[in-house]
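Report on one structure; see the data block that follows.
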Amino acid sequence: MPHLRIRDVAVFLGTSEDTVRRLIESGSLAATNDDSGRKVISGYQVALYAREHAATMPDPSGVASSARNRFVGLVTNLQLDTVMAQVELQCGPYRVVSLMSSEAVRDLGLELGSVAVAVIKSTNVIVETSGATE
């Protein structure tokens with residue numbers, strides 16, 4: 001199982017190294033020492049912690065959906081022409097871009113700063129790694 005150094009855990013959790021050390025001291029994350037004596041944390045444990053403590057904005061749409069990948073965000077960019085539009089949302093730390101008709105943008109009343117929900121339902125999801133293993 002891969003292990004992460006404290007600085008990498010801080011990046012993945014979006015926090016400081018000091019906060020990660022406090023999480024270790026409080027028992028929220030368990031650390032071990034690697035062969036060089038540095039503290040490391042199981043990547044799986046970090047993933048579980050991140051999932052458990054993820055803060056998402058509440059979905060304002062009130063719509064029931066089978067799609068599990070729903071990201072609430074703010075419209076940060078709109079590019080419209082006569083037929084098509086590019087809509088950019090900032091959903092937490094993620095930038096989500098959607099291509100849709102300009103008519104759909106008008107029908108949805110999208111404008112810069114609007115709250116919107118990006119719903120992603122796809123049978124094609126690509127997962128990449130650096131190929132490195134520990």
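Every chain in the structure tokens takes a letter, A first, then B, and so on in the order presented; its residues are numbered from 1, and the ligands are numbered from 1 following the presented order.
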- May I have all residues of stretch 8-115 of chain A that DSSP, computed from the backbone, assigns to helix (DSSP H, G or I), given as an NGL selection string? :A and (8-13 or 17-26 or 43-52 or 102-108)
- Query: Expressed in Å to a single decimal, how great is the separation between atom CA of A:Leu78 and atom CA of A:Ser66?
  - Reply: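 About the pair atom CA of A:Leu78 and atom CA of A:Ser66: they are 27.3 Å apart.
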Residues of stretch 1-33 of chain A at most 9 Å from stretch 37-51 of chain A: nearest atom pair and distance in Å, only C-alpha atoms, as a Markdown table:
```
| residue | atom | partner | partner_atom | distance |
| --- | --- | --- | --- | --- |
| A:Met1 | CA | A:Ser42 | CA | 6.9 |
| A:Pro2 | CA | A:Gly43 | CA | 5.5 |
| A:His3 | CA | A:Ser42 | CA | 4.4 |
| A:Leu4 | CA | A:Ile41 | CA | 5.2 |
| A:Arg5 | CA | A:Val40 | CA | 4.6 |
| A:Ile6 | CA | A:Val40 | CA | 6.3 |
| A:Val9 | CA | A:Val46 | CA | 7.0 |
| A:Phe12 | CA | A:Ala50 | CA | 8.1 |
| A:Leu13 | CA | A:Ala50 | CA | 6.4 |
| A:Ser28 | CA | A:Tyr49 | CA | 8.2 |
| A:Leu29 | CA | A:Gln45 | CA | 7.3 |
| A:Ala30 | CA | A:Ile41 | CA | 6.4 |
| A:Ala31 | CA | A:Ile41 | CA | 4.7 |
| A:Thr32 | CA | A:Val40 | CA | 5.4 |
| A:Asn33 | CA | A:Lys39 | CA | 4.5 |
```
- Query: Can you list, as a PyMOL selection string, every protein, DNA or RNA residue that comes within 7 Å of A:Leu89 when you count only C-alpha atoms, leaving out same-chain residues fewer than 3 positions away?
  - Reply: chain A and resi 73-76+95-97
